[in-house]
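Asks: Structure in structure tokens, see below.
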Amino acid sequence: MPVATLIGDVVASRGTPDRAALHAALTRALARVNTDLRPATPLRITVGDEYQGCFATLGDALRATLRLRIELGADAVDVRHGVGWGDVAVLSRRPRVEDGPGWWAAREAVDAVAHAQARAASRSLRTTYRGPEPAAVNAALVGRDELLAGLDARSLSVLDGMLQGMSQQQIAQRLGVTPSAVSQRVRRDGLAAVVTIDQLLGRLGSERP
């Protein structure tokens, strides 16, 4: 049965001075997303600063990429993701080794992001999808990544609260700011649009490609 595959890695990780702190940040972010979204194969660090996992639906995989960017962005860690769709074969369970068209698609996708960055074709692009009918999905991802590119740590925290269904009053209390300050960020940074994109992409969870 086809699944949604996700491969992520850290942008310019070789320049990170504190490798232990980076690993800890990755571990925390993956653990939270695994708890919240319960992927079919939990996200896990594979080699160096790369991680991967499988989701039953495309929507959940795309939602995971946003939540990982928010979690890691709070630690000033920039990541890119490739999402694929296809069959996956389990070659070994201990250690877990998988192969198949789903992984080939995800690898092609994350490589496309890296190549686009290297050519400066898109400085904000961080997520790409390879699978059936990719145009609409990638159009949404381009818009989402452009909005995310301008967010600072405080705006990411506001966005995180919105994705959890918190009111602006609750977000303000959590951050120790006024509701007006939260409202200004929501309007200025297009955070409501990011939430809407996330909700629409998430519907792909019940409408597999």
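By convention here, the chains of the structure tokens are called A, B, ... in the order presented, each chain's residues are numbered starting at 1, and ligands are numbered starting at 1 in the order presented.
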DSSP says strand (DSSP E or B) for which residues of range 30-196 of chain A? Put them as a PyMOL selection string?
Replies: chain A and resi 41-45+50-55+79-86+89-93+96-99+127-130
Asks: Just give me the gap between CA of Thr16 in chain A and CA of Val77 in chain A in Å, one decimal is fine.
Replies: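 It comes out at 9.2 Å.
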Asks: Leaving out Thr65 in chain A and any residue of its chain fewer than 4 positions from it, which residues lie within 7 Å of it when counting only C-alpha atoms, given as a list in words?
Replies: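 In the requested format, the answer is Ala61, Arg69 and His81 of chain A.
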Asks: Could you list, as a list in words, every residue within 8 Å of range 112-129 of chain A, counting only C-alpha atoms and ignoring same-chain residues fewer than 4 positions away?
Replies: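 Here the qualifying residues turn out to be Thr65, Val79, Arg80, His81, Gly82, Val83, Gly84, Ala106, Glu108, Pro134, Val137, Asn138, Leu141, Val142, Asp145, Glu146 and Ala149 of chain A.
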Asks: I'd like to know which residues of range 2-209 of chain A are helix (DSSP H, G or I) (by DSSP, run on the backbone); could you write them as a VMD selection string?
Replies: chain A and resid 13 to 15 19 to 37 58 to 73 101 to 118 134 to 149 153 to 163 168 to 175 179 to 188 191 to 205
Asks: Filtering to C-alpha atoms, could you give me those residues as an mmCIF file, in the first residue's frame?
Replies:
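This went into selection_33.cif:
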```
data_model
loop_
_atom_site.group_PDB
_atom_site.id
_atom_site.type_symbol
_atom_site.label_atom_id
_atom_site.label_comp_id
_atom_site.auth_asym_id
_atom_site.auth_seq_id
_atom_site.Cartn_x
_atom_site.Cartn_y
_atom_site.Cartn_z
ATOM 1 C CA SER A 13 24.480 21.911 9.136
ATOM 2 C CA ARG A 14 28.256 21.703 8.749
ATOM 3 C CA GLY A 15 28.513 25.262 10.002
ATOM 4 C CA ARG A 19 26.525 19.580 17.206
ATOM 5 C CA ALA A 20 25.207 18.145 20.474
ATOM 6 C CA ALA A 21 22.697 20.981 20.835
ATOM 7 C CA LEU A 22 21.574 20.492 17.235
ATOM 8 C CA HIS A 23 21.033 16.773 17.810
ATOM 9 C CA ALA A 24 19.048 17.512 20.968
ATOM 10 C CA ALA A 25 16.848 20.013 19.122
ATOM 11 C CA LEU A 26 16.161 17.488 16.351
ATOM 12 C CA THR A 27 15.326 14.806 18.884
ATOM 13 C CA ARG A 28 12.846 17.054 20.703
ATOM 14 C CA ALA A 29 11.140 18.189 17.510
ATOM 15 C CA LEU A 30 10.778 14.683 16.105
ATOM 16 C CA ALA A 31 9.423 13.388 19.407
ATOM 17 C CA ARG A 32 6.729 16.073 19.526
ATOM 18 C CA VAL A 33 5.596 15.487 15.961
ATOM 19 C CA ASN A 34 5.582 11.719 16.491
ATOM 20 C CA THR A 35 3.345 12.236 19.522
ATOM 21 C CA ASP A 36 1.001 14.689 17.814
ATOM 22 C CA LEU A 37 0.633 13.040 14.397
ATOM 23 C CA LEU A 58 -0.121 12.879 2.347
ATOM 24 C CA GLY A 59 -1.926 15.452 4.465
ATOM 25 C CA ASP A 60 -0.302 14.293 7.679
ATOM 26 C CA ALA A 61 3.153 14.292 6.087
ATOM 27 C CA LEU A 62 2.703 17.876 4.914
ATOM 28 C CA ARG A 63 1.381 18.953 8.305
ATOM 29 C CA ALA A 64 4.460 17.351 9.862
ATOM 30 C CA THR A 65 6.801 19.454 7.732
ATOM 31 C CA LEU A 66 5.199 22.653 9.029
ATOM 32 C CA ARG A 67 5.313 21.596 12.662
ATOM 33 C CA LEU A 68 8.939 20.538 12.374
ATOM 34 C CA ARG A 69 9.859 23.909 10.898
ATOM 35 C CA ILE A 70 8.102 25.692 13.744
ATOM 36 C CA GLU A 71 9.687 23.506 16.427
ATOM 37 C CA LEU A 72 13.184 23.754 14.984
ATOM 38 C CA GLY A 73 12.823 27.390 13.963
ATOM 39 C CA PRO A 101 9.345 4.152 -5.012
ATOM 40 C CA GLY A 102 8.000 6.137 -2.058
ATOM 41 C CA TRP A 103 11.517 6.769 -0.783
ATOM 42 C CA TRP A 104 12.874 7.481 -4.241
ATOM 43 C CA ALA A 105 10.224 10.174 -4.649
ATOM 44 C CA ALA A 106 11.021 11.762 -1.276
ATOM 45 C CA ARG A 107 14.745 11.750 -2.064
ATOM 46 C CA GLU A 108 14.104 13.408 -5.430
ATOM 47 C CA ALA A 109 11.968 16.015 -3.679
ATOM 48 C CA VAL A 110 14.457 16.986 -0.980
ATOM 49 C CA ASP A 111 17.263 17.064 -3.550
ATOM 50 C CA ALA A 112 15.150 19.437 -5.654
ATOM 51 C CA VAL A 113 14.881 21.814 -2.694
ATOM 52 C CA ALA A 114 18.649 21.704 -2.153
ATOM 53 C CA HIS A 115 19.340 22.345 -5.844
ATOM 54 C CA ALA A 116 16.906 25.262 -5.945
ATOM 55 C CA GLN A 117 18.659 26.817 -2.953
ATOM 56 C CA ALA A 118 22.090 26.274 -4.497
ATOM 57 C CA PRO A 134 2.045 17.532 -7.671
ATOM 58 C CA ALA A 135 1.243 20.959 -9.146
ATOM 59 C CA ALA A 136 -1.473 22.062 -6.705
ATOM 60 C CA VAL A 137 0.347 20.693 -3.663
ATOM 61 C CA ASN A 138 3.611 22.373 -4.597
ATOM 62 C CA ALA A 139 1.846 25.649 -5.326
ATOM 63 C CA ALA A 140 0.508 25.646 -1.769
ATOM 64 C CA LEU A 141 3.920 24.726 -0.379
ATOM 65 C CA VAL A 142 5.639 27.569 -2.248
ATOM 66 C CA GLY A 143 3.181 30.044 -0.752
ATOM 67 C CA ARG A 144 3.487 28.562 2.718
ATOM 68 C CA ASP A 145 7.294 28.618 2.628
ATOM 69 C CA GLU A 146 7.324 32.233 1.446
ATOM 70 C CA LEU A 147 5.163 33.258 4.412
ATOM 71 C CA LEU A 148 7.283 31.264 6.861
ATOM 72 C CA ALA A 149 10.526 32.785 5.595
ATOM 73 C CA ALA A 153 10.800 33.201 16.899
ATOM 74 C CA ARG A 154 7.920 35.108 18.507
ATOM 75 C CA SER A 155 5.726 34.846 15.410
ATOM 76 C CA LEU A 156 6.523 31.131 15.189
ATOM 77 C CA SER A 157 5.315 30.786 18.773
ATOM 78 C CA VAL A 158 2.079 32.572 17.896
ATOM 79 C CA LEU A 159 1.634 30.318 14.868
ATOM 80 C CA ASP A 160 2.263 27.257 17.007
ATOM 81 C CA GLY A 161 -0.520 28.317 19.350
ATOM 82 C CA MET A 162 -2.902 28.926 16.465
ATOM 83 C CA LEU A 163 -2.246 25.467 15.065
ATOM 84 C CA GLN A 168 -5.354 34.928 20.737
ATOM 85 C CA GLN A 169 -6.049 35.620 24.412
ATOM 86 C CA GLN A 170 -4.594 32.240 25.397
ATOM 87 C CA ILE A 171 -1.564 32.754 23.156
ATOM 88 C CA ALA A 172 -0.969 36.177 24.687
ATOM 89 C CA GLN A 173 -1.106 34.737 28.193
ATOM 90 C CA ARG A 174 1.333 31.985 27.278
ATOM 91 C CA LEU A 175 3.802 34.434 25.741
ATOM 92 C CA PRO A 179 -3.725 40.237 22.921
ATOM 93 C CA SER A 180 -3.243 43.317 20.743
ATOM 94 C CA ALA A 181 0.400 42.376 20.161
ATOM 95 C CA VAL A 182 -0.653 38.885 19.103
ATOM 96 C CA SER A 183 -3.343 40.263 16.804
ATOM 97 C CA GLN A 184 -0.849 42.598 15.142
ATOM 98 C CA ARG A 185 1.501 39.704 14.405
ATOM 99 C CA VAL A 186 -1.313 37.585 13.016
ATOM 100 C CA ARG A 187 -2.266 40.344 10.567
ATOM 101 C CA ARG A 188 1.233 41.547 9.728
ATOM 102 C CA LEU A 191 -0.374 33.757 10.056
ATOM 103 C CA ALA A 192 -4.056 33.088 9.401
ATOM 104 C CA ALA A 193 -3.157 32.257 5.804
ATOM 105 C CA VAL A 194 -0.532 29.744 6.984
ATOM 106 C CA VAL A 195 -3.128 28.076 9.207
ATOM 107 C CA THR A 196 -5.626 27.917 6.334
ATOM 108 C CA ILE A 197 -3.034 26.380 4.000
ATOM 109 C CA ASP A 198 -2.245 23.813 6.680
ATOM 110 C CA GLN A 199 -5.924 22.933 7.095
ATOM 111 C CA LEU A 200 -6.487 22.563 3.359
ATOM 112 C CA LEU A 201 -3.379 20.444 2.853
ATOM 113 C CA GLY A 202 -4.403 18.369 5.846
ATOM 114 C CA ARG A 203 -7.572 17.323 4.023
ATOM 115 C CA LEU A 204 -5.370 15.262 1.742
ATOM 116 C CA GLY A 205 -5.289 12.953 4.735
#
```
Asks: Can you tell me how far CA of Thr46 in chain A sits from CA of Arg130 in chain A, in Å to one decimal?
Replies: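 So the two atoms, CA of Thr46 in chain A and CA of Arg130 in chain A, lie 20.9 Å apart.
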Asks: In Å, rounded to a single decimal, give me how far CA of Met1 in chain A is from CA of Glu50 in chain A.
Replies: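 Straight-line distance from CA of Glu50 in chain A to CA of Met1 in chain A works out to 24.8 Å.
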Asks: So, counting only C-alpha atoms, which residue among A:Val88, A:Thr178, A:Leu6, A:Val11 is closest to Arg44 in chain A?
Replies: A:Leu6
